[in-house]
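Asker: Data file work_3.tsv (TSV, C-alpha atoms) is appended below.
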```
chain	number	residue	atom	x	y	z
F	1	MET	CA	150.83	-70.15	-135.92
F	2	THR	CA	150.22	-66.58	-134.85
F	3	ALA	CA	146.85	-64.94	-135.31
F	4	ALA	CA	148.16	-62.89	-138.24
F	5	GLN	CA	149.08	-66.04	-140.17
F	6	GLU	CA	145.72	-67.72	-139.77
F	7	THR	CA	144.05	-65.82	-142.58
F	8	LEU	CA	144.81	-65.62	-146.25
F	9	ASP	CA	144.77	-62.32	-148.08
F	10	VAL	CA	142.75	-63.16	-151.20
F	11	THR	CA	142.17	-60.79	-154.14
F	12	VAL	CA	139.41	-61.90	-156.50
F	13	HIS	CA	138.51	-60.68	-159.98
F	14	ARG	CA	134.91	-59.42	-160.16
F	15	GLY	CA	132.82	-58.40	-163.15
F	16	THR	CA	132.94	-59.26	-166.83
F	17	THR	CA	135.12	-58.56	-169.86
F	18	ARG	CA	133.32	-55.23	-170.24
F	19	GLY	CA	134.04	-53.98	-166.76
F	20	ALA	CA	136.04	-55.51	-163.98
F	21	CYS	CA	137.41	-54.70	-160.54
F	22	TYR	CA	139.10	-56.59	-157.72
F	23	ASP	CA	137.68	-57.43	-154.27
F	24	SER	CA	139.76	-58.43	-151.27
F	25	PHE	CA	138.76	-61.05	-148.72
F	26	GLN	CA	140.29	-62.38	-145.53
F	27	VAL	CA	139.85	-66.14	-145.64
F	28	PRO	CA	140.65	-68.50	-142.72
F	29	ALA	CA	143.72	-70.62	-143.48
F	30	HIS	CA	143.58	-74.38	-142.94
F	31	GLU	CA	145.76	-77.42	-143.40
F	32	SER	CA	145.35	-79.20	-146.77
F	33	GLN	CA	143.33	-76.32	-148.22
F	34	THR	CA	142.88	-76.05	-151.97
F	35	VAL	CA	142.38	-72.86	-153.95
F	36	LEU	CA	138.85	-74.08	-154.77
F	37	ASP	CA	138.19	-74.39	-151.01
F	38	VAL	CA	139.17	-70.72	-150.67
F	39	VAL	CA	136.87	-69.62	-153.51
F	40	SER	CA	134.02	-71.71	-152.09
F	41	TRP	CA	134.54	-70.20	-148.62
F	42	ILE	CA	134.25	-66.71	-150.06
F	43	GLN	CA	131.05	-67.61	-151.91
F	44	GLN	CA	129.49	-69.35	-148.90
F	45	PHE	CA	130.54	-67.06	-146.06
F	46	ALA	CA	131.60	-63.67	-147.43
F	47	ASP	CA	129.88	-62.86	-150.71
F	48	PRO	CA	127.18	-65.16	-152.15
F	49	THR	CA	127.14	-63.19	-155.41
F	50	LEU	CA	130.57	-64.53	-156.38
F	51	SER	CA	130.33	-66.61	-159.60
F	52	TYR	CA	132.70	-69.46	-160.32
F	53	ARG	CA	132.56	-72.92	-161.84
F	54	PHE	CA	133.38	-76.36	-160.49
F	55	ALA	CA	131.90	-79.84	-160.51
F	56	CYS	CA	133.92	-82.90	-159.48
F	57	ARG	CA	136.50	-81.45	-157.03
F	58	VAL	CA	138.91	-84.31	-157.85
F	59	GLY	CA	140.65	-83.24	-161.08
F	60	MET	CA	138.42	-85.19	-163.46
F	61	CYS	CA	136.00	-82.70	-164.99
F	62	GLY	CA	138.27	-79.82	-165.98
F	63	SER	CA	135.80	-77.08	-165.04
F	64	CYS	CA	137.49	-75.26	-162.14
F	65	ALA	CA	140.62	-73.91	-163.85
F	66	MET	CA	141.50	-70.31	-162.95
F	67	MET	CA	144.51	-68.02	-162.90
F	68	VAL	CA	146.12	-68.27	-159.47
F	69	ASN	CA	148.81	-65.67	-158.78
F	70	GLY	CA	149.16	-65.26	-162.54
F	71	THR	CA	149.50	-68.95	-163.37
F	72	PRO	CA	146.72	-71.11	-164.87
F	73	ARG	CA	145.89	-73.97	-162.49
F	74	TRP	CA	143.21	-76.54	-161.71
F	75	THR	CA	142.04	-75.03	-158.45
F	76	CYS	CA	140.56	-78.23	-156.96
F	77	ARG	CA	143.95	-79.97	-156.98
F	78	THR	CA	146.09	-76.94	-156.19
F	79	HIS	CA	147.09	-76.61	-152.55
F	80	VAL	CA	147.15	-73.08	-151.22
F	81	LYS	CA	150.47	-73.79	-149.48
F	82	LYS	CA	152.07	-74.55	-152.84
F	83	VAL	CA	151.03	-71.31	-154.53
F	84	ALA	CA	150.33	-68.63	-151.90
F	85	ALA	CA	152.96	-65.91	-151.88
F	86	ASP	CA	153.31	-64.69	-148.25
F	87	GLY	CA	149.73	-65.68	-147.51
F	88	LYS	CA	148.48	-63.79	-150.57
F	89	LEU	CA	146.38	-65.19	-153.40
F	90	MET	CA	145.26	-63.44	-156.57
F	91	ILE	CA	142.47	-65.38	-158.25
F	92	GLU	CA	141.28	-64.50	-161.76
F	93	PRO	CA	139.34	-66.19	-164.56
F	94	LEU	CA	141.29	-68.10	-167.22
F	95	ARG	CA	143.32	-65.92	-169.56
F	96	ASN	CA	142.64	-65.73	-173.33
F	97	LEU	CA	138.89	-66.29	-172.89
F	98	PRO	CA	135.96	-63.88	-172.48
F	99	VAL	CA	134.60	-63.63	-168.94
F	100	ILE	CA	130.96	-64.46	-168.19
F	101	LYS	CA	131.19	-63.13	-164.65
F	102	ASP	CA	133.79	-62.99	-161.87
F	103	LEU	CA	135.79	-66.25	-162.12
F	104	ALA	CA	133.71	-68.03	-164.76
F	105	ALA	CA	135.36	-67.83	-168.18
F	106	ASP	CA	133.30	-68.30	-171.32
F	107	MET	CA	134.55	-71.62	-172.74
F	108	ASP	CA	132.74	-71.26	-176.08
F	109	PRO	CA	135.77	-70.14	-178.16
F	110	PHE	CA	137.78	-73.01	-176.68
F	111	PHE	CA	135.23	-75.68	-177.64
F	112	ASP	CA	134.48	-74.02	-181.01
F	113	LYS	CA	138.16	-74.46	-181.86
F	114	TRP	CA	138.02	-78.07	-180.69
F	115	THR	CA	135.35	-78.59	-183.35
F	116	ALA	CA	137.20	-76.48	-185.94
F	117	ALA	CA	140.25	-78.73	-185.50
F	118	GLN	CA	138.06	-81.73	-186.41
F	119	GLY	CA	138.11	-82.92	-182.82
F	120	GLN	CA	135.05	-85.15	-183.33
F	121	HIS	CA	135.34	-88.85	-184.12
F	122	HIS	CA	135.12	-89.74	-187.80
F	123	PRO	CA	133.73	-93.29	-187.92
F	124	SER	CA	135.52	-95.77	-190.17
F	125	GLN	CA	133.02	-98.58	-189.58
F	126	THR	CA	129.37	-99.06	-188.74
F	127	ARG	CA	127.75	-100.88	-185.85
F	128	HIS	CA	127.21	-103.85	-188.16
F	129	ASP	CA	130.93	-104.45	-188.64
F	130	PRO	CA	132.80	-106.75	-186.24
F	131	ILE	CA	134.66	-105.00	-183.42
F	132	GLU	CA	138.14	-104.04	-184.61
F	133	PRO	CA	140.94	-105.43	-182.43
F	134	ILE	CA	143.25	-102.64	-181.17
F	135	ASP	CA	146.81	-103.55	-180.22
F	136	PRO	CA	147.79	-101.33	-177.26
F	137	GLY	CA	151.47	-101.77	-178.15
F	138	ASP	CA	151.10	-100.46	-181.69
F	139	PRO	CA	153.33	-97.33	-182.04
F	140	LEU	CA	150.47	-95.24	-183.47
F	141	ARG	CA	148.17	-96.34	-180.63
F	142	VAL	CA	150.89	-95.51	-178.08
F	143	GLU	CA	151.18	-92.02	-179.60
F	144	ALA	CA	147.38	-91.59	-179.53
F	145	ASP	CA	147.22	-92.77	-175.91
F	146	LEU	CA	149.54	-89.93	-174.85
F	147	GLY	CA	146.76	-87.38	-175.40
F	148	VAL	CA	143.59	-89.17	-174.31
F	149	GLU	CA	143.72	-88.03	-170.69
F	150	CYS	CA	142.96	-84.41	-171.65
F	151	ILE	CA	140.12	-83.08	-169.46
F	152	ASN	CA	139.44	-79.90	-171.50
F	153	CYS	CA	140.31	-77.61	-168.62
F	154	ALA	CA	141.77	-74.98	-171.03
F	155	ILE	CA	144.82	-74.39	-168.84
F	156	CYS	CA	147.10	-74.87	-171.87
F	157	TYR	CA	144.91	-72.45	-173.82
F	158	ALA	CA	145.26	-69.85	-171.06
F	159	ALA	CA	149.02	-70.42	-170.77
F	160	CYS	CA	149.73	-70.02	-174.50
F	161	ASP	CA	151.12	-66.67	-175.67
F	162	THR	CA	150.41	-67.60	-179.30
F	163	VAL	CA	146.70	-67.84	-178.46
F	164	ALA	CA	146.98	-64.44	-176.75
F	165	GLY	CA	148.51	-62.92	-179.87
F	166	ASN	CA	146.39	-64.64	-182.52
F	167	PRO	CA	142.65	-65.06	-181.87
F	168	ASP	CA	142.38	-67.49	-184.82
F	169	TYR	CA	144.95	-69.94	-183.44
F	170	LEU	CA	143.28	-73.24	-182.57
F	171	GLY	CA	145.39	-73.67	-179.46
F	172	PRO	CA	147.20	-76.60	-177.82
F	173	ALA	CA	144.20	-78.64	-176.61
F	174	ALA	CA	142.33	-78.71	-179.93
F	175	LEU	CA	145.52	-79.52	-181.85
F	176	GLN	CA	146.44	-82.28	-179.44
F	177	ARG	CA	142.96	-83.75	-179.92
F	178	ALA	CA	143.47	-83.63	-183.71
F	179	TRP	CA	146.83	-85.42	-183.32
F	180	THR	CA	145.21	-88.10	-181.14
F	181	LEU	CA	142.54	-88.78	-183.79
F	182	LEU	CA	145.13	-88.73	-186.57
F	183	ASN	CA	146.93	-91.62	-184.85
F	184	ASP	CA	143.74	-93.52	-183.97
F	185	SER	CA	143.28	-96.42	-186.40
F	186	ARG	CA	139.49	-96.28	-185.83
F	187	ASP	CA	139.28	-92.69	-187.07
F	188	ASP	CA	138.67	-92.07	-190.76
F	189	GLY	CA	139.17	-88.29	-190.86
F	190	ARG	CA	142.83	-88.02	-191.87
F	191	GLY	CA	142.25	-85.70	-194.85
F	192	ALA	CA	139.80	-83.46	-192.99
F	193	ILE	CA	142.06	-83.26	-189.92
F	194	LEU	CA	145.22	-82.39	-191.87
F	195	ASP	CA	143.24	-79.78	-193.77
F	196	ALA	CA	141.84	-78.27	-190.57
F	197	VAL	CA	145.17	-78.09	-188.74
F	198	SER	CA	147.21	-76.66	-191.61
F	199	GLY	CA	145.03	-73.58	-192.21
F	200	THR	CA	145.40	-69.99	-191.00
F	201	GLY	CA	144.93	-70.80	-187.31
F	202	GLY	CA	146.60	-74.19	-187.54
F	203	CYS	CA	149.60	-75.95	-186.03
F	204	HIS	CA	152.19	-73.90	-187.91
F	205	ASN	CA	151.39	-70.87	-185.74
F	206	CYS	CA	152.96	-72.63	-182.76
F	207	HIS	CA	156.31	-71.14	-181.67
F	208	SER	CA	157.18	-74.10	-179.41
F	209	MET	CA	157.28	-71.94	-176.27
F	210	GLY	CA	156.12	-74.98	-174.35
F	211	SER	CA	153.88	-73.21	-171.82
F	212	CYS	CA	151.10	-75.70	-172.65
F	213	THR	CA	153.30	-78.60	-171.63
F	214	GLN	CA	154.71	-76.70	-168.67
F	215	TYR	CA	151.31	-76.06	-167.09
F	216	CYS	CA	149.18	-79.06	-168.18
F	217	PRO	CA	147.88	-80.43	-164.85
F	218	ASN	CA	147.68	-83.96	-166.30
F	219	GLU	CA	151.29	-83.71	-167.49
F	220	LEU	CA	150.34	-84.18	-171.13
F	221	ASN	CA	152.54	-82.82	-173.90
F	222	PRO	CA	150.58	-80.73	-176.45
F	223	MET	CA	153.88	-79.35	-177.79
F	224	ARG	CA	154.84	-82.87	-178.86
F	225	ALA	CA	151.42	-83.35	-180.50
F	226	ILE	CA	151.71	-80.06	-182.39
F	227	ALA	CA	155.23	-80.96	-183.56
F	228	GLY	CA	153.76	-84.22	-184.85
F	229	LEU	CA	151.06	-82.33	-186.75
F	230	LYS	CA	153.70	-80.03	-188.26
F	231	ARG	CA	155.57	-83.11	-189.46
F	232	GLU	CA	152.52	-84.81	-190.93
F	233	THR	CA	151.17	-81.66	-192.65
F	234	ALA	CA	154.63	-80.95	-194.11
F	235	LYS	CA	154.89	-84.56	-195.35
F	236	SER	CA	151.49	-84.42	-196.99
F	237	PHE	CA	152.36	-81.04	-198.54
F	238	PHE	CA	155.55	-82.35	-200.11
F	239	LYS	CA	153.70	-85.38	-201.39
F	240	GLY	CA	151.59	-82.91	-203.37
F	241	LYS	CA	148.37	-83.55	-201.47
F	242	ARG	CA	147.74	-79.94	-200.57
F	243	ASN	CA	144.16	-80.62	-199.66
F	244	ALA	CA	144.74	-83.79	-197.75
J	1	MET	CA	145.35	-59.42	-165.48
J	2	LYS	CA	148.79	-60.64	-164.54
J	3	ALA	CA	150.65	-62.41	-167.33
J	4	PRO	CA	151.20	-66.12	-166.64
J	5	ALA	CA	154.51	-67.19	-165.18
J	6	ARG	CA	156.88	-67.47	-168.11
J	7	SER	CA	160.11	-68.27	-166.37
J	8	HIS	CA	160.52	-71.76	-167.78
J	9	PRO	CA	163.48	-72.76	-169.98
J	10	LEU	CA	161.69	-73.26	-173.31
J	11	TRP	CA	159.90	-69.91	-173.11
J	12	LEU	CA	163.24	-68.24	-172.42
J	13	ALA	CA	164.72	-70.15	-175.38
J	14	PHE	CA	161.89	-68.77	-177.53
J	15	VAL	CA	162.61	-65.19	-176.43
J	16	LEU	CA	166.35	-65.61	-176.93
J	17	HIS	CA	165.72	-66.93	-180.45
J	18	ARG	CA	163.42	-64.01	-181.28
J	19	LEU	CA	165.68	-61.30	-179.85
J	20	SER	CA	168.84	-62.74	-181.45
J	21	GLY	CA	167.02	-62.93	-184.78
J	22	LEU	CA	165.87	-59.34	-184.46
J	23	ALA	CA	169.36	-58.12	-183.52
J	24	LEU	CA	170.90	-60.00	-186.47
J	25	ALA	CA	168.30	-58.56	-188.84
J	26	LEU	CA	169.35	-55.07	-187.70
J	27	PHE	CA	173.04	-55.94	-187.91
J	28	LEU	CA	173.10	-57.51	-191.37
J	29	PRO	CA	172.28	-54.36	-193.44
J	30	ALA	CA	175.05	-52.48	-191.61
J	31	HIS	CA	177.39	-55.42	-192.20
J	32	PHE	CA	176.69	-55.51	-195.96
J	33	TRP	CA	176.92	-51.74	-196.22
J	34	LEU	CA	180.36	-51.84	-194.61
J	35	LEU	CA	181.48	-54.63	-196.97
J	36	SER	CA	180.32	-52.53	-199.93
J	37	GLN	CA	182.70	-49.79	-198.80
J	38	ALA	CA	185.59	-52.06	-199.90
J	39	LEU	CA	184.52	-51.24	-203.47
J	40	THR	CA	183.09	-47.76	-203.16
J	41	ASN	CA	185.16	-46.10	-200.45
J	42	PRO	CA	188.20	-48.15	-199.29
J	43	SER	CA	189.56	-45.42	-197.04
J	44	ARG	CA	186.34	-45.40	-195.01
J	45	LEU	CA	186.57	-49.20	-194.68
J	46	ASP	CA	190.18	-48.91	-193.47
J	47	GLY	CA	189.09	-46.29	-190.96
J	48	PHE	CA	186.43	-48.62	-189.62
J	49	LEU	CA	188.82	-51.58	-189.45
J	50	ALA	CA	191.17	-49.48	-187.32
J	51	PHE	CA	188.19	-48.56	-185.10
J	52	ALA	CA	187.29	-52.26	-184.83
J	53	GLU	CA	190.65	-52.96	-183.15
J	54	MET	CA	189.45	-51.22	-179.97
J	55	PRO	CA	188.79	-53.64	-177.07
J	56	LEU	CA	185.23	-52.42	-176.59
J	57	VAL	CA	184.40	-53.17	-180.23
J	58	LYS	CA	185.94	-56.63	-179.81
J	59	LEU	CA	183.57	-57.17	-176.87
J	60	ALA	CA	180.64	-56.12	-179.05
J	61	GLU	CA	181.83	-58.56	-181.72
J	62	PHE	CA	181.82	-61.29	-179.07
J	63	GLY	CA	178.16	-60.43	-178.49
J	64	LEU	CA	177.44	-60.58	-182.21
J	65	VAL	CA	179.08	-63.97	-182.61
J	66	PHE	CA	177.13	-65.23	-179.60
J	67	LEU	CA	173.84	-64.02	-181.12
J	68	LEU	CA	174.69	-65.58	-184.47
J	69	ALA	CA	175.67	-68.93	-182.91
J	70	VAL	CA	172.75	-69.08	-180.48
J	71	HIS	CA	170.33	-68.27	-183.31
J	72	MET	CA	171.85	-70.96	-185.51
J	73	PHE	CA	171.88	-73.74	-182.91
J	74	GLY	CA	168.49	-72.67	-181.51
J	75	GLY	CA	167.13	-72.80	-185.05
J	76	LEU	CA	168.60	-76.27	-185.57
J	77	ARG	CA	166.88	-77.39	-182.37
J	78	LEU	CA	163.54	-76.04	-183.62
J	79	MET	CA	163.96	-77.74	-186.99
J	80	ALA	CA	164.80	-81.01	-185.26
J	81	LEU	CA	161.75	-80.56	-183.02
J	82	GLU	CA	159.51	-80.07	-186.03
J	83	PHE	CA	160.96	-82.55	-188.53
J	84	LEU	CA	162.60	-85.36	-186.56
J	85	PRO	CA	160.84	-87.86	-184.28
J	86	TRP	CA	159.98	-86.30	-180.92
J	87	SER	CA	162.64	-86.06	-178.24
J	88	ASP	CA	161.76	-85.34	-174.61
J	89	ARG	CA	165.10	-83.63	-174.07
J	90	GLN	CA	164.06	-80.21	-175.39
J	91	LYS	CA	165.24	-78.30	-172.30
J	92	THR	CA	168.61	-80.05	-172.46
J	93	LEU	CA	168.91	-79.31	-176.17
J	94	ALA	CA	168.00	-75.62	-175.65
J	95	ALA	CA	170.57	-75.36	-172.86
J	96	GLY	CA	173.08	-77.15	-175.10
J	97	ALA	CA	172.48	-74.61	-177.88
J	98	VAL	CA	173.28	-71.77	-175.48
J	99	GLY	CA	176.33	-73.65	-174.20
J	100	VAL	CA	177.77	-74.30	-177.66
J	101	ALA	CA	177.07	-70.70	-178.70
J	102	PHE	CA	178.93	-69.47	-175.63
J	103	LEU	CA	181.84	-71.79	-176.35
J	104	ILE	CA	182.12	-70.59	-179.95
J	105	SER	CA	181.81	-66.89	-179.11
J	106	THR	CA	184.29	-67.14	-176.24
J	107	THR	CA	186.78	-68.95	-178.49
J	108	PHE	CA	186.32	-66.16	-181.05
J	109	PHE	CA	186.85	-63.52	-178.35
J	110	LEU	CA	190.01	-65.14	-176.98
J	111	LYS	CA	191.45	-65.33	-180.49
J	112	ALA	CA	190.44	-61.73	-181.23
J	113	VAL	CA	192.13	-60.13	-178.20
```
For the file at hand, write its structure as structure tokens.
Answerer:
Amino acid sequence: MTAAQETLDVTVHRGTTRGACYDSFQVPAHESQTVLDVVSWIQQFADPTLSYRFACRVGMCGSCAMMVNGTPRWTCRTHVKKVAADGKLMIEPLRNLPVIKDLAADMDPFFDKWTAAQGQHHPSQTRHDPIEPIDPGDPLRVEADLGVECINCAICYAACDTVAGNPDYLGPAALQRAWTLLNDSRDDGRGAILDAVSGTGGCHNCHSMGSCTQYCPNELNPMRAIAGLKRETAKSFFKGKRNA
Amino acid sequence: MKAPARSHPLWLAFVLHRLSGLALALFLPAHFWLLSQALTNPSRLDGFLAFAEMPLVKLAEFGLVFLLAVHMFGGLRLMALEFLPWSDRQKTLAAGAVGVAFLISTTFFLKAV
């Protein structure tokens, strides 16, 4: 490597939703370097006022997602070599969310929609009932299992152009959670879920662009879940249960 | 902020579906108006039919048939996606819709010239 190639040219978003600018940093390049390593280097050695969010560093917690060269990514599992364009990185907070400061997006709207889509468990039994056997091969369980590895990183939410165009839209993650619960035999919220996902901001807003599925770091398929919700809400509509 | 990378097949299929729908919505009123001339002003219709024999107009008609076919097959794919059990072959189906539309419009063009 020549001396010129040993640094990365990194542009970082600074400020909040109300006022923002971009700062440039020269960051030493290393083998096996992740985008989160780059952000951490800037905060530790160049500018300690840089705000960003991370916790586990191993792709479990879903807190470090940012826009990297215009694409939403989990920064702790994204190698610089894979995404740097000619040694250049542009790092910004997640799209479609307000910005608290610098690279930390405000996740409140994302989690509010999770709740609005009835993403909480609706118990069908009490602790006094015997434990219900769950057959892992049951088709409904298999469908539910497809969505359980979601880590709430909001990458799908940032990738979705429907979210960008419609602030009421619940978004891929919340709808996938609703689909998971709908297929979970232990969940008793079918009516409430179908009601929640067929409203103004519900699943029928989805245009099947597939950016959620394209960019999900855990390779989940929210587009499939939303298509399932469209099917189930349509079925329940034609059965005359408009509120269920 | 830079827009996220959109160059993946299903996003392009979405845009193609939207743009073809928009173009057809603009085309249809003109189409019906021209058809109405058969009743109200036949000589104007004959004049247009003579104009439509020009090669450049035939090429534009090829484009129209392509838009119509790609919108129809793209729409069938979306309805299958939403009402039939899930298929993982969405990219293949989207590409297939474009392929069939191209086949139909090219066949139309070769017959027209």
Asker: With a cut-off of 6 Å, could you pull out the residues of chain F touching chain J and give me the nearest pair of atoms for each, distance in Å to one decimal, using all atoms listed in the file, ordered by chain and ascending number, as JSON lines?
Answerer:
```
{"residue": "F:Gly70", "atom": "CA", "partner": "J:Pro4", "partner_atom": "CA", "distance": 4.7}
{"residue": "F:Thr71", "atom": "CA", "partner": "J:Pro4", "partner_atom": "CA", "distance": 4.6}
{"residue": "F:Met209", "atom": "CA", "partner": "J:Trp11", "partner_atom": "CA", "distance": 4.6}
{"residue": "F:Gly210", "atom": "CA", "partner": "J:Leu10", "partner_atom": "CA", "distance": 5.9}
{"residue": "F:Ala227", "atom": "CA", "partner": "J:Glu82", "partner_atom": "CA", "distance": 5.0}
{"residue": "F:Arg231", "atom": "CA", "partner": "J:Phe83", "partner_atom": "CA", "distance": 5.5}
```
Asker: Find the residues with any atom within 8 Å of (147.2, -96.5, -180.5); use all atoms listed in the file and the coordinates as given in the file, and write the answer as a ChimeraX atom specification.
Answerer: /F:134-145,183-185
Asker: Quick one: residues within 10 Å of stretch 30-34 of chain J, only C-alpha atoms counted, chain neighbours fewer than 6 positions away excluded, as a PDB file with C-alpha atoms, keeping the file's coordinate frame?
Answerer:
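Below you can see around_37.pdb, which holds the result:
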```pdb
ATOM      1  CA  LEU J  24     170.900 -60.000-186.470  1.00  0.00           C
ATOM      2  CA  THR J  40     183.090 -47.760-203.160  1.00  0.00           C
ATOM      3  CA  ASN J  41     185.160 -46.100-200.450  1.00  0.00           C
ATOM      4  CA  PRO J  42     188.200 -48.150-199.290  1.00  0.00           C
ATOM      5  CA  ARG J  44     186.340 -45.400-195.010  1.00  0.00           C
ATOM      6  CA  LEU J  45     186.570 -49.200-194.680  1.00  0.00           C
ATOM      7  CA  PHE J  48     186.430 -48.620-189.620  1.00  0.00           C
ATOM      8  CA  LEU J  49     188.820 -51.580-189.450  1.00  0.00           C
TER       9      LEU J  49
END
```
Asker: At most 12 Å from (136.6, -76.1, -161.2), file frame, only C-alpha atoms: which residues, as a compact mmCIF listing (two decimals) with C-alpha atoms, keeping the file's coordinate frame?
Answerer:
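Below is the file selection.txt, written as the result:
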```txt
# COMPACT_ATOMS: atom_id res chain seq x y z
CA THR F 34 142.88 -76.05 -151.97
CA VAL F 35 142.38 -72.86 -153.95
CA LEU F 36 138.85 -74.08 -154.77
CA ASP F 37 138.19 -74.39 -151.01
CA VAL F 39 136.87 -69.62 -153.51
CA SER F 40 134.02 -71.71 -152.09
CA SER F 51 130.33 -66.61 -159.60
CA TYR F 52 132.70 -69.46 -160.32
CA ARG F 53 132.56 -72.92 -161.84
CA PHE F 54 133.38 -76.36 -160.49
CA ALA F 55 131.90 -79.84 -160.51
CA CYS F 56 133.92 -82.90 -159.48
CA ARG F 57 136.50 -81.45 -157.03
CA VAL F 58 138.91 -84.31 -157.85
CA GLY F 59 140.65 -83.24 -161.08
CA MET F 60 138.42 -85.19 -163.46
CA CYS F 61 136.00 -82.70 -164.99
CA GLY F 62 138.27 -79.82 -165.98
CA SER F 63 135.80 -77.08 -165.04
CA CYS F 64 137.49 -75.26 -162.14
CA ALA F 65 140.62 -73.91 -163.85
CA MET F 66 141.50 -70.31 -162.95
CA MET F 67 144.51 -68.02 -162.90
CA PRO F 72 146.72 -71.11 -164.87
CA ARG F 73 145.89 -73.97 -162.49
CA TRP F 74 143.21 -76.54 -161.71
CA THR F 75 142.04 -75.03 -158.45
CA CYS F 76 140.56 -78.23 -156.96
CA ARG F 77 143.95 -79.97 -156.98
CA THR F 78 146.09 -76.94 -156.19
CA PRO F 93 139.34 -66.19 -164.56
CA LEU F 94 141.29 -68.10 -167.22
CA LEU F 103 135.79 -66.25 -162.12
CA ALA F 104 133.71 -68.03 -164.76
CA ALA F 105 135.36 -67.83 -168.18
CA ILE F 151 140.12 -83.08 -169.46
CA ASN F 152 139.44 -79.90 -171.50
CA CYS F 153 140.31 -77.61 -168.62
CA ALA F 154 141.77 -74.98 -171.03
CA ILE F 155 144.82 -74.39 -168.84
```
Asker: I'd like the contact shell of stretch 169-174 of chain F - 6 Å cut-off, all atoms listed in the file, skipping same-chain residues fewer than 3 positions apart - returned as a list in words.
Answerer: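 The filter keeps Lys113, Trp114, Ala117, Tyr157, Val163, Asn166, Arg177, Gly201 and Pro222 of chain F.
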Asker: Would you work out the distance separating atom CA of F:Asp188 from atom CA of F:Ser124, expressed in Å to one decimal?
Answerer: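 Rounded to one decimal, the two atoms are 4.9 Å apart.
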Asker: Please list as a list of chain:residue names every residue within 10 Å of F:Glu31, counting all atoms listed in the file and excluding residues in the same chain fewer than 4 positions away.
Answerer: F:His79, F:Val80, F:Lys81
Asker: Hey, what's within 10 Å of J:Leu64 if we count only C-alpha atoms and toss same-chain stuff fewer than 2 positions away? As a list in words, please?
Answerer: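 Everything that qualifies: Ser20, Ala23, Leu24, Phe27, Lys58, Leu59, Ala60, Glu61, Phe62, Phe66, Leu67, Leu68, Ala69, Val70 and Ser105 of chain J.
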Asker: Please report, as JSON, the centre and edge lengths in Å to one decimal of an axis-aligned box covering all listed atoms of stretch 55-58 of chain F with 4 Å per side.
Answerer:
```
{"center_x": 135.4, "center_y": -82.1, "center_z": -158.8, "size_x": 15.0, "size_y": 12.5, "size_z": 11.5}
```
Asker: Atom CA of F:Cys21 to atom CA of F:Leu8: how many Å, to one decimal?
Answerer: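 Atom-to-atom, atom CA of F:Cys21 and atom CA of F:Leu8 are spaced 19.4 Å apart.
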Asker: Find the residues around F:Val68 up to 8 Å (all atoms listed in the file counted), leave out those fewer than 5 positions away in its own chain, and share them as a ChimeraX atom specification.
Answerer: /F:73,75,83,89-92
Asker: So how far away is atom CA of F:Phe45 from atom CA of F:Ala84, in Å?
Answerer: 20.7 Å
